[in-house]
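> Contents of query01.csv (CSV, C-alpha atoms and all ligand atoms) are below:
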```csv
chain,number,residue,atom,x,y,z
A,15,MET,CA,105.3,119.5,137.1
A,16,GLU,CA,107.9,117.5,138.9
A,17,ILE,CA,107.9,113.7,138.5
A,18,LYS,CA,108.2,111.9,141.8
A,19,ILE,CA,110.2,108.7,141.5
A,20,GLU,CA,109.8,105.7,143.8
A,21,LEU,CA,112.2,102.9,142.9
A,22,THR,CA,111.3,99.2,143.3
A,23,LYS,CA,112.7,97.3,146.2
A,24,HIS,CA,112.2,94.0,144.3
A,25,PRO,CA,113.8,94.3,140.9
A,26,LYS,CA,112.6,91.4,138.6
A,27,GLU,CA,114.8,89.0,136.8
A,28,LYS,CA,115.2,90.1,133.2
A,29,PRO,CA,114.6,87.6,130.4
A,30,SER,CA,117.5,86.9,128.1
A,31,SER,CA,117.6,89.1,125.0
A,32,GLU,CA,117.4,86.0,122.7
A,33,ASN,CA,114.0,84.4,122.2
A,34,LEU,CA,112.0,87.4,123.4
A,35,GLY,CA,108.3,87.3,122.6
A,36,PHE,CA,105.9,90.2,122.4
A,37,GLY,CA,103.9,91.9,125.1
A,38,GLN,CA,104.4,89.4,127.9
A,39,VAL,CA,107.2,90.8,130.0
A,40,PHE,CA,107.2,94.2,131.7
A,41,SER,CA,109.9,96.3,133.1
A,42,ASP,CA,110.3,97.2,136.8
A,43,HIS,CA,108.6,100.6,136.7
A,44,MET,CA,105.7,102.5,135.2
A,45,PHE,CA,104.7,106.1,134.8
A,46,MET,CA,101.4,107.3,136.1
A,47,MET,CA,99.5,110.6,136.4
A,48,ASP,CA,95.9,111.5,137.3
A,49,TYR,CA,93.3,113.9,135.8
A,50,THR,CA,90.6,115.5,137.9
A,51,GLU,CA,88.1,117.8,136.4
A,52,GLY,CA,88.9,121.4,137.5
A,53,LYS,CA,92.4,120.4,138.5
A,54,GLY,CA,93.8,119.1,135.2
A,55,TRP,CA,96.6,116.5,135.0
A,56,HIS,CA,98.5,116.1,138.3
A,57,ASP,CA,100.7,114.0,140.4
A,58,PRO,CA,103.0,112.6,137.7
A,59,ARG,CA,105.1,109.7,139.2
A,60,ILE,CA,107.3,106.8,138.3
A,61,VAL,CA,106.4,103.8,140.6
A,62,PRO,CA,107.1,100.1,140.7
A,63,TYR,CA,105.2,98.2,138.0
A,64,GLY,CA,102.3,96.4,139.5
A,65,PRO,CA,98.5,95.8,139.7
A,66,ILE,CA,96.1,98.7,140.4
A,67,LEU,CA,93.0,98.2,142.5
A,68,TYR,CA,89.8,99.8,141.0
A,69,ASP,CA,86.1,100.1,141.7
A,70,PRO,CA,84.1,97.5,139.6
A,71,ALA,CA,82.0,100.4,138.3
A,72,LEU,CA,85.0,102.0,136.7
A,73,MET,CA,83.7,103.7,133.5
A,74,VAL,CA,86.3,102.3,131.2
A,75,TYR,CA,85.3,98.7,132.0
A,76,HIS,CA,81.7,99.4,130.8
A,77,TYR,CA,81.9,102.0,128.1
A,78,GLY,CA,85.5,101.6,126.8
A,79,GLN,CA,86.6,105.2,127.0
A,80,ALA,CA,90.3,104.4,126.5
A,81,ILE,CA,93.1,105.2,124.1
A,82,PHE,CA,96.7,104.1,123.7
A,83,GLU,CA,99.9,104.5,121.7
A,84,GLY,CA,102.7,102.1,120.8
A,85,LEU,CA,106.3,102.8,120.1
A,86,LYS,CA,109.8,101.4,120.7
A,87,ALA,CA,113.1,102.3,122.2
A,88,TYR,CA,116.2,100.9,120.5
A,89,ARG,CA,119.6,100.1,121.9
A,90,THR,CA,122.2,101.2,119.3
A,91,ARG,CA,125.5,99.3,118.7
A,92,ASP,CA,127.4,102.0,120.6
A,93,ASN,CA,125.0,101.6,123.6
A,94,HIS,CA,122.8,104.7,123.3
A,95,ILE,CA,119.0,104.4,123.6
A,96,VAL,CA,116.9,106.1,121.0
A,97,LEU,CA,113.3,106.6,120.0
A,98,PHE,CA,111.8,106.8,116.5
A,99,ARG,CA,109.5,109.8,115.8
A,100,PRO,CA,108.0,109.9,119.3
A,101,ASP,CA,106.6,113.4,118.7
A,102,GLU,CA,104.3,111.7,116.1
A,103,ASN,CA,103.0,109.3,118.7
A,104,MET,CA,102.3,112.1,121.2
A,105,LYS,CA,100.5,114.1,118.5
A,106,ARG,CA,98.4,111.0,117.7
A,107,LEU,CA,97.7,110.3,121.4
A,108,ASN,CA,96.1,113.7,121.6
A,109,GLN,CA,94.1,113.2,118.4
A,110,SER,CA,92.8,110.0,120.0
A,111,CYS,CA,92.0,111.9,123.2
A,112,GLU,CA,90.1,114.5,121.2
A,113,ARG,CA,87.9,111.9,119.5
A,114,LEU,CA,87.1,110.0,122.8
A,115,CYS,CA,86.4,113.2,124.8
A,116,ILE,CA,89.5,112.6,127.0
A,117,PRO,CA,91.4,115.7,128.2
A,118,LYS,CA,94.6,116.2,126.2
A,119,VAL,CA,98.0,115.9,127.7
A,120,ASP,CA,101.0,118.2,127.2
A,121,GLU,CA,102.9,116.4,124.5
A,122,GLU,CA,106.3,117.7,125.5
A,123,PHE,CA,105.7,116.8,129.1
A,124,ALA,CA,104.5,113.3,128.2
A,125,LEU,CA,107.5,112.7,126.0
A,126,MET,CA,109.8,113.9,128.8
A,127,ALA,CA,108.1,111.5,131.3
A,128,MET,CA,108.5,108.7,128.8
A,129,LYS,CA,112.2,109.4,128.4
A,130,LYS,CA,112.6,109.6,132.2
A,131,LEU,CA,110.8,106.2,132.6
A,132,ILE,CA,113.1,104.6,130.0
A,133,GLU,CA,116.1,106.0,131.7
A,134,VAL,CA,115.0,104.5,135.0
A,135,ASP,CA,114.5,101.1,133.3
A,136,LYS,CA,117.4,101.5,130.8
A,137,ASP,CA,118.8,98.1,131.7
A,138,TRP,CA,115.5,96.6,130.3
A,139,VAL,CA,116.3,97.8,126.8
A,140,PRO,CA,117.5,94.5,125.2
A,141,ASP,CA,120.5,94.3,122.9
A,142,ALA,CA,120.0,91.3,120.7
A,143,PRO,CA,119.5,92.1,117.0
A,144,GLY,CA,115.9,93.0,116.2
A,145,THR,CA,114.9,93.4,119.8
A,146,SER,CA,113.7,96.6,121.5
A,147,LEU,CA,111.8,98.0,124.4
A,148,TYR,CA,108.1,98.3,123.6
A,149,ILE,CA,106.4,101.4,125.1
A,150,ARG,CA,102.7,101.5,125.7
A,151,PRO,CA,101.3,104.9,126.8
A,152,PHE,CA,97.5,104.7,127.5
A,153,ILE,CA,94.7,106.7,129.1
A,154,TYR,CA,91.4,105.5,130.5
A,155,ALA,CA,88.3,106.8,132.3
A,156,THR,CA,88.3,106.2,136.1
A,157,ASP,CA,85.0,107.6,137.4
A,158,PRO,CA,83.1,104.8,139.2
A,159,TYR,CA,79.8,105.5,137.5
A,160,LEU,CA,77.3,103.5,135.5
A,161,GLY,CA,76.0,106.1,133.1
A,162,VAL,CA,77.1,107.1,129.6
A,163,ARG,CA,79.0,110.4,129.6
A,164,PRO,CA,82.7,111.4,129.4
A,165,SER,CA,84.4,110.6,132.7
A,166,ASN,CA,85.6,113.4,135.0
A,167,THR,CA,88.7,111.6,136.1
A,168,TYR,CA,91.4,109.6,134.1
A,169,HIS,CA,94.6,107.8,134.6
A,170,PHE,CA,97.5,108.2,132.1
A,171,LEU,CA,100.0,105.3,132.3
A,172,ILE,CA,103.2,104.3,130.5
A,173,ILE,CA,104.3,100.8,130.7
A,174,THR,CA,107.3,99.2,128.9
A,175,GLY,CA,108.7,95.8,128.2
A,176,PRO,CA,111.4,94.1,126.2
A,177,VAL,CA,110.2,92.5,122.9
A,178,GLY,CA,111.5,90.5,120.0
A,179,ALA,CA,109.7,89.9,116.7
A,180,TYR,CA,105.9,90.6,116.7
A,181,TYR,CA,105.0,87.7,114.5
A,182,LYS,CA,106.7,84.4,115.0
A,183,GLU,CA,107.0,84.4,111.2
A,184,GLY,CA,109.4,87.5,111.5
A,185,LEU,CA,110.0,89.0,108.1
A,186,ASN,CA,108.6,85.8,106.5
A,187,PRO,CA,105.5,86.4,104.4
A,188,VAL,CA,102.1,85.8,106.1
A,189,LYS,CA,98.8,84.4,104.8
A,190,ILE,CA,96.0,86.9,104.7
A,191,TYR,CA,92.2,86.3,104.6
A,192,VAL,CA,90.3,89.1,102.9
A,193,GLU,CA,87.4,89.8,105.2
A,194,SER,CA,84.0,90.3,103.5
A,195,LYS,CA,81.6,89.6,106.4
A,196,TYR,CA,82.9,91.6,109.4
A,197,VAL,CA,84.1,95.3,109.3
A,198,ARG,CA,86.6,97.1,111.5
A,199,ALA,CA,85.5,100.7,111.2
A,200,VAL,CA,83.5,103.2,109.1
A,201,ALA,CA,84.2,106.8,108.4
A,202,GLY,CA,82.7,109.0,111.2
A,203,GLY,CA,83.4,106.2,113.7
A,204,ILE,CA,86.6,105.6,115.7
A,205,GLY,CA,88.7,103.6,113.2
A,206,ALA,CA,91.2,106.5,112.7
A,207,VAL,CA,92.2,106.6,116.3
A,208,LYS,CA,93.9,104.2,118.6
A,209,THR,CA,91.1,103.3,121.0
A,210,ALA,CA,90.4,99.9,122.7
A,211,GLY,CA,87.0,99.3,121.1
A,212,ASN,CA,88.5,99.0,117.6
A,213,TYR,CA,90.5,95.9,118.7
A,214,ALA,CA,87.5,94.3,120.5
A,215,ALA,CA,85.6,94.8,117.2
A,216,SER,CA,88.3,93.0,115.3
A,217,LEU,CA,88.6,89.8,117.4
A,218,LYS,CA,85.9,87.7,115.8
A,219,ALA,CA,87.2,88.1,112.3
A,220,GLN,CA,90.7,87.5,113.5
A,221,GLN,CA,89.7,84.3,115.3
A,222,GLU,CA,87.8,82.9,112.3
A,223,ALA,CA,90.6,83.7,109.9
A,224,LYS,CA,93.1,81.9,112.3
A,225,ASP,CA,90.8,78.8,112.4
A,226,LEU,CA,91.1,78.7,108.6
A,227,GLY,CA,94.9,78.9,108.8
A,228,TYR,CA,95.5,82.6,108.1
A,229,THR,CA,97.6,84.9,110.2
A,230,GLN,CA,95.6,88.1,109.8
A,231,VAL,CA,92.6,89.6,107.9
A,232,LEU,CA,92.6,92.2,105.3
A,233,TRP,CA,89.9,94.7,106.1
A,234,LEU,CA,87.6,96.2,103.4
A,235,ASP,CA,85.7,99.4,103.7
A,236,GLY,CA,82.6,99.1,106.0
A,237,VAL,CA,80.1,100.5,103.5
A,238,GLU,CA,80.7,98.6,100.2
A,239,ARG,CA,83.1,95.9,101.3
A,240,LYS,CA,85.0,96.9,98.2
A,241,TYR,CA,88.0,99.1,99.0
A,242,VAL,CA,91.1,97.9,100.9
A,243,GLU,CA,91.6,99.6,104.3
A,244,GLU,CA,94.1,97.9,106.5
A,245,VAL,CA,95.7,94.5,107.2
A,246,GLY,CA,95.1,93.3,110.8
A,247,THR,CA,96.5,96.1,113.0
A,248,MET,CA,98.8,97.4,110.2
A,249,ASN,CA,98.5,99.7,107.2
A,250,VAL,CA,98.9,98.1,103.8
A,251,PHE,CA,100.8,98.7,100.7
A,252,PHE,CA,100.7,97.1,97.2
A,253,VAL,CA,103.3,97.2,94.5
A,254,ILE,CA,101.5,97.2,91.1
A,255,GLY,CA,103.7,97.6,88.1
A,256,ASN,CA,105.9,100.6,88.9
A,257,GLU,CA,103.4,102.2,91.3
A,258,VAL,CA,103.3,101.7,95.0
A,259,VAL,CA,99.8,102.1,96.3
A,260,THR,CA,98.4,102.5,99.8
A,261,PRO,CA,94.8,103.4,100.7
A,262,GLU,CA,94.3,107.1,101.3
A,263,LEU,CA,93.4,108.2,104.9
A,264,ASN,CA,89.6,108.3,104.7
A,265,GLY,CA,88.5,108.6,108.3
A,266,SER,CA,88.3,104.9,109.0
A,267,ILE,CA,92.0,104.1,108.5
A,268,LEU,CA,94.5,104.5,111.3
A,269,PRO,CA,97.2,107.0,110.3
A,270,GLY,CA,100.3,104.8,111.0
A,271,ILE,CA,103.7,106.4,111.6
A,272,THR,CA,105.4,103.5,109.9
A,273,ARG,CA,103.0,104.1,106.9
A,274,LYS,CA,104.0,107.8,106.9
A,275,SER,CA,107.7,107.0,107.1
A,276,CYS,CA,107.4,104.5,104.2
A,277,ILE,CA,105.7,107.0,102.0
A,278,GLU,CA,108.4,109.6,102.8
A,279,LEU,CA,111.2,107.1,102.1
A,280,LEU,CA,109.6,105.9,98.8
A,281,LYS,CA,109.3,109.6,97.7
A,282,HIS,CA,112.9,110.2,98.8
A,283,TRP,CA,113.9,107.3,96.6
A,284,GLY,CA,112.1,108.7,93.6
A,285,LEU,CA,109.5,105.9,93.4
A,286,LYS,CA,105.9,106.5,92.4
A,287,ILE,CA,103.8,106.3,95.6
A,288,SER,CA,100.1,106.9,95.5
A,289,GLU,CA,97.7,107.4,98.4
A,290,ARG,CA,94.4,106.5,96.8
A,291,LYS,CA,91.4,104.3,96.9
A,292,ILE,CA,92.2,100.7,95.8
A,293,SER,CA,89.6,98.0,95.5
A,294,ILE,CA,90.3,94.4,96.2
A,295,GLN,CA,89.1,93.7,92.7
A,296,GLU,CA,91.9,95.9,91.4
A,297,VAL,CA,94.4,94.0,93.4
A,298,PHE,CA,93.2,90.6,92.1
A,299,GLU,CA,93.0,91.9,88.5
A,300,ALA,CA,96.6,93.3,88.8
A,301,ASN,CA,97.6,89.8,89.8
A,302,GLU,CA,95.9,88.2,86.8
A,303,LYS,CA,97.8,90.7,84.5
A,304,GLY,CA,101.1,89.8,86.2
A,305,LEU,CA,101.4,93.3,87.6
A,306,LEU,CA,101.0,92.6,91.3
A,307,LYS,CA,104.6,92.3,92.6
A,308,GLU,CA,104.4,92.7,96.3
A,309,ALA,CA,102.1,93.5,99.2
A,310,PHE,CA,103.1,94.3,102.8
A,311,GLY,CA,101.7,95.6,106.1
A,312,THR,CA,103.4,98.4,108.1
A,313,GLY,CA,103.4,99.0,111.8
A,314,THR,CA,105.6,99.7,114.8
A,315,ALA,CA,105.4,96.2,116.2
A,316,ALA,CA,106.4,94.2,113.0
A,317,VAL,CA,107.9,97.2,111.0
A,318,ILE,CA,107.2,95.5,107.6
A,319,SER,CA,105.2,92.3,107.3
A,320,PRO,CA,105.3,90.9,103.8
A,321,ILE,CA,102.1,89.3,102.5
A,322,GLY,CA,102.7,85.9,100.9
A,323,GLU,CA,99.1,84.9,100.1
A,324,LEU,CA,95.7,86.6,99.8
A,325,TYR,CA,92.4,84.7,99.9
A,326,TRP,CA,89.2,86.4,98.7
A,327,ASN,CA,86.0,85.1,97.3
A,328,GLU,CA,87.3,81.6,96.8
A,329,GLN,CA,90.3,82.9,94.9
A,330,ARG,CA,93.8,82.5,96.1
A,331,VAL,CA,96.8,84.7,95.1
A,332,ILE,CA,100.4,83.8,95.9
A,333,LEU,CA,102.5,86.9,95.9
A,334,ASN,CA,106.1,86.9,94.7
A,335,GLY,CA,106.2,83.1,94.9
A,336,GLY,CA,105.4,83.4,98.6
A,337,LYS,CA,108.8,85.1,99.2
A,338,ILE,CA,109.8,88.5,100.6
A,339,GLY,CA,109.6,91.1,97.9
A,340,GLU,CA,112.5,93.4,97.0
A,341,LEU,CA,110.8,96.6,98.2
A,342,SER,CA,109.5,95.1,101.4
A,343,HIS,CA,113.1,94.1,102.2
A,344,ARG,CA,114.5,97.4,101.2
A,345,LEU,CA,112.0,99.3,103.4
A,346,TYR,CA,112.6,97.0,106.3
A,347,ASP,CA,116.4,97.4,106.1
A,348,GLU,CA,116.2,101.1,105.8
A,349,LEU,CA,113.7,101.7,108.6
A,350,THR,CA,115.4,99.3,111.0
A,351,GLY,CA,118.8,100.7,109.9
A,352,ILE,CA,117.6,104.2,110.9
A,353,GLN,CA,116.0,103.0,114.1
A,354,TYR,CA,119.2,101.3,115.3
A,355,CYS,CA,121.4,104.2,114.1
A,356,GLU,CA,123.2,102.0,111.6
A,357,LYS,CA,122.1,104.1,108.7
A,358,PRO,CA,122.1,107.9,108.2
A,359,ASP,CA,119.0,109.6,109.4
A,360,PRO,CA,118.4,112.3,106.8
A,361,PHE,CA,115.0,113.2,108.1
A,362,GLY,CA,115.9,113.6,111.8
A,363,TRP,CA,113.5,110.8,112.9
A,364,VAL,CA,115.7,109.5,115.7
A,365,VAL,CA,115.6,111.1,119.2
A,366,PRO,CA,118.1,110.2,121.9
A,367,VAL,CA,117.0,109.1,125.4
A,368,VAL,CA,120.4,108.2,127.0
B,401,LIG,C1,98.9,101.2,115.5
B,401,LIG,C2,98.2,100.8,114.3
B,401,LIG,C3,98.7,100.9,113.0
B,401,LIG,C4,100.2,101.2,112.8
B,401,LIG,O1,100.6,102.4,113.3
B,401,LIG,P1,102.2,102.7,113.5
B,401,LIG,O2,102.2,104.1,114.0
B,401,LIG,O3,102.8,102.5,112.2
B,401,LIG,O4,102.6,101.7,114.5
B,401,LIG,C5,98.0,100.6,111.9
B,401,LIG,N1,96.7,100.2,112.0
B,401,LIG,C6,96.1,100.1,113.2
B,401,LIG,C7,94.7,99.7,113.3
B,401,LIG,C8,96.8,100.4,114.4
B,401,LIG,O5,96.3,100.2,115.6
```
Spell out the structure here as structure tokens.

Amino acid sequence: MEIKIELTKHPKEKPSSENLGFGQVFSDHMFMMDYTEGKGWHDPRIVPYGPILYDPALMVYHYGQAIFEGLKAYRTRDNHIVLFRPDENMKRLNQSCERLCIPKVDEEFALMAMKKLIEVDKDWVPDAPGTSLYIRPFIYATDPYLGVRPSNTYHFLIITGPVGAYYKEGLNPVKIYVESKYVRAVAGGIGAVKTAGNYAASLKAQQEAKDLGYTQVLWLDGVERKYVEEVGTMNVFFVIGNEVVTPELNGSILPGITRKSCIELLKHWGLKISERKISIQEVFEANEKGLLKEAFGTGTAAVISPIGELYWNEQRVILNGGKIGELSHRLYDELTGIQYCEKPDPFGWVVPVV
């Protein structure tokens, strides 16, 4: 399939690379293609970024058949633009499609389209330290129909925009509320894929935690409210004694690419990393014994987000004196070093765009 390109006649003013926020500014163009039952994916095109007019009965508005991905393009010091493990995002996009009964896309074609879009908007990739171009591929149901079944038509879009740090705290440790009332997901549900409904389900807990002065919630398992699952929209790691622990993928945890990369780095460094069940009780007991050294979240948006404080069951734990832990710092430096091509890339994670 050939990608048609229609360039904008009204380029927007770009924000300065300093003081960039997250998810508020979008580049000049977007990628789009359509799916029609019997015809497959068709009409791939890059067009000016802008609103799309839809029928109010659009299935996605009512039943949430929608999936997405999130990754970044980085401008290197010598002015190349690179992606970090984008093949993993494409693979996960199709896993999400599979779970939501959405027709799969050709992963190589989608990656090629993404690179093309970034090339068209290459001047939107910011150059200040720590900034990047956030890339959001997503697919949603477009039949105008009020009945519950998989849609027969879909739109696949990729939008992009320059971003700075995800949390205003940056690499500073955040305060986390351990959520015992609400749950994010259960095994057999949709927690392991990136679909819109998971985030709708998380808002209430997030809002209540915020009102209490916390940045994010730590999710426990949906059945017993006992085992740690994720932190906000990130995977979570704990350093207990000389063991690094992250919850094993159990069907309700999102398999993060940053999580996977951290596990691979920790193994490469010869550290003891376990993917296993870990109860919140164990975390608090480790702290009482003086063994809980660090905890941090991992995700594309923030990379590494150190946890400075945990609140659970009327108990408060301050980690590492509320400061960034040694391992959090090392992982952050290594991952961002590889992403901006300032450190060797022994695993071949970085893919050039231009
Ligand atoms: C996207 C996401 C993550 C992190 O995945 P990365 O691939 O590392 O960005 C973790 N948990 C949830 C719920 C997510 O949506």
> Sort by chain and increasing residue number a table of all residues of stretch 21-134 of chain A within 8 Å of stretch 187-207 of chain A, each with its closest pair of atoms and their distance in Å to one decimal, counting only C-alpha atoms, and write it as CSV.

```
residue,atom,partner,partner_atom,distance
A:Ile81,CA,A:Val207,CA,8.0
A:Arg106,CA,A:Val207,CA,7.7
A:Gln109,CA,A:Val207,CA,7.2
A:Ser110,CA,A:Val207,CA,5.1
A:Arg113,CA,A:Ile204,CA,7.5
```
> Generate a file of the selected residues that holds C-alpha atoms, formatted as a CSV table (one decimal), keeping the file's coordinate frame.

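To be explicit, this is the file written out as result_23.csv:
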```csv
chain,number,residue,atom,x,y,z
A,81,ILE,CA,93.1,105.2,124.1
A,106,ARG,CA,98.4,111.0,117.7
A,109,GLN,CA,94.1,113.2,118.4
A,110,SER,CA,92.8,110.0,120.0
A,113,ARG,CA,87.9,111.9,119.5
```
> With a distance cut-off of 9 Å and all atoms listed in the file, select the neighbouring residues of A:Val365, excluding the residue or stretch itself and same-chain residues fewer than 5 positions from it, and output the selection as a list in words.
Ile95, Val96, Leu97, Phe98, Arg99 and Pro100 of chain A
> One number please: atom CA of A:Tyr75 to atom CA of A:Ala210, in Å, one decimal.
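Interatomic distance here is 10.7 Å.
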> Under the rule that all atoms listed in the file are counted, which of A:His43, A:Ile321, A:His24, A:Met73 is the nearest residue to A:Tyr168?
A:Met73
> Please produce, as a tab-separated table, a per-residue contact table for chain A versus ligand LIG 401 (chain B) (criterion: any atom at most 9 Å away, all atoms listed in the file considered), showing the nearest atom pair and its distance in Å to one decimal, sorted by chain then residue number.

```
residue	atom	partner	partner_atom	distance
A:Phe82	CA	B:LIG401	C1	9.0
A:Glu83	CA	B:LIG401	C1	7.1
A:Gly84	CA	B:LIG401	O4	6.3
A:Leu85	CA	B:LIG401	O4	6.8
A:Glu102	CA	B:LIG401	O2	8.2
A:Asn103	CA	B:LIG401	O2	7.1
A:Arg106	CA	B:LIG401	O2	8.7
A:Arg198	CA	B:LIG401	C7	8.7
A:Gly205	CA	B:LIG401	C7	7.2
A:Ala206	CA	B:LIG401	C7	7.7
A:Val207	CA	B:LIG401	O5	7.6
A:Lys208	CA	B:LIG401	O5	5.5
A:Thr209	CA	B:LIG401	O5	8.1
A:Asn212	CA	B:LIG401	C7	7.6
A:Tyr213	CA	B:LIG401	C7	7.8
A:Glu244	CA	B:LIG401	N1	6.5
A:Val245	CA	B:LIG401	N1	7.5
A:Gly246	CA	B:LIG401	C7	6.9
A:Thr247	CA	B:LIG401	C6	4.0
A:Met248	CA	B:LIG401	C5	3.7
A:Asn249	CA	B:LIG401	C5	4.8
A:Val250	CA	B:LIG401	C5	8.5
A:Ile267	CA	B:LIG401	N1	7.0
A:Leu268	CA	B:LIG401	N1	4.9
A:Pro269	CA	B:LIG401	O1	6.5
A:Gly270	CA	B:LIG401	O1	3.3
A:Ile271	CA	B:LIG401	O2	3.6
A:Thr272	CA	B:LIG401	O3	3.6
A:Arg273	CA	B:LIG401	O3	5.5
A:Lys274	CA	B:LIG401	O3	7.6
A:Ser275	CA	B:LIG401	O3	8.4
A:Gly311	CA	B:LIG401	C5	8.5
A:Thr312	CA	B:LIG401	O3	5.8
A:Gly313	CA	B:LIG401	O3	3.6
A:Thr314	CA	B:LIG401	O4	3.6
A:Ala315	CA	B:LIG401	O4	6.4
A:Ala316	CA	B:LIG401	O4	8.5
A:Val317	CA	B:LIG401	O3	7.5
```
> Excluding A:Ile332 and residues on its chain fewer than 6 positions from it, collect all residues at most 8 Å away from it, counting all atoms listed in the file, and give them as a PDB file with C-alpha atoms, in the frame of the given file.

```pdb
ATOM      1  CA  GLY A 322     102.700  85.900 100.900  1.00  0.00           C
ATOM      2  CA  GLU A 323      99.100  84.900 100.100  1.00  0.00           C
ATOM      3  CA  LEU A 324      95.700  86.600  99.800  1.00  0.00           C
TER       4      LEU A 324
END
```
> Do a neighbour search on stretch 117-119 of chain A at 8 Å with all atoms listed in the file, toss out local chain neighbours closer than 6 positions, and write the hits as a PyMOL selection string.
chain A and resi 55+108+111
> Atom CA of A:Leu217 and atom CA of A:Leu333, how far apart in Å?
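Taking atom CA of A:Leu333 as the start and atom CA of A:Leu217 as the end point, the length is 25.8 Å.
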> Pull stretch 87-92 of chain A out of the block and emit all heavy atoms, as a compact mmCIF listing (two decimals), in the first residue's frame.

```txt
# COMPACT_ATOMS: atom_id res chain seq x y z
N ALA A 87 9.99 9.33 19.98
CA ALA A 87 11.13 9.52 19.08
C ALA A 87 12.07 10.51 19.75
O ALA A 87 11.63 11.50 20.34
CB ALA A 87 10.66 10.06 17.73
N TYR A 88 13.37 10.21 19.69
CA TYR A 88 14.38 11.01 20.39
C TYR A 88 15.31 11.67 19.38
O TYR A 88 15.73 11.03 18.41
CB TYR A 88 15.19 10.11 21.33
CG TYR A 88 14.34 9.27 22.24
CD1 TYR A 88 13.84 8.03 21.82
CD2 TYR A 88 14.02 9.72 23.52
CE1 TYR A 88 13.05 7.26 22.66
CE2 TYR A 88 13.22 8.96 24.36
CZ TYR A 88 12.74 7.72 23.92
OH TYR A 88 11.95 6.97 24.74
N ARG A 89 15.65 12.93 19.64
CA ARG A 89 16.66 13.60 18.80
C ARG A 89 18.02 13.42 19.47
O ARG A 89 18.19 13.79 20.63
CB ARG A 89 16.32 15.08 18.63
CG ARG A 89 17.22 15.77 17.59
CD ARG A 89 16.87 17.24 17.43
NE ARG A 89 15.59 17.47 16.75
CZ ARG A 89 15.42 17.39 15.43
NH1 ARG A 89 16.42 17.06 14.64
NH2 ARG A 89 14.23 17.63 14.91
N THR A 90 18.95 12.84 18.73
CA THR A 90 20.27 12.59 19.32
C THR A 90 21.12 13.85 19.18
O THR A 90 20.79 14.77 18.44
CB THR A 90 20.98 11.42 18.60
OG1 THR A 90 21.28 11.82 17.26
CG2 THR A 90 20.09 10.18 18.57
N ARG A 91 22.24 13.84 19.91
CA ARG A 91 23.14 14.99 19.90
C ARG A 91 23.64 15.31 18.49
O ARG A 91 23.80 16.48 18.14
CB ARG A 91 24.33 14.71 20.82
CG ARG A 91 24.94 15.93 21.43
CD ARG A 91 26.22 15.56 22.11
NE ARG A 91 25.99 14.79 23.35
CZ ARG A 91 26.00 15.33 24.56
NH1 ARG A 91 26.25 16.60 24.72
NH2 ARG A 91 25.80 14.57 25.63
N ASP A 92 23.85 14.24 17.67
CA ASP A 92 24.33 14.51 16.31
C ASP A 92 23.16 14.60 15.32
O ASP A 92 23.32 14.37 14.11
CB ASP A 92 25.37 13.47 15.86
CG ASP A 92 24.83 12.05 15.92
OD1 ASP A 92 23.65 11.89 16.33
OD2 ASP A 92 25.55 11.12 15.55
```
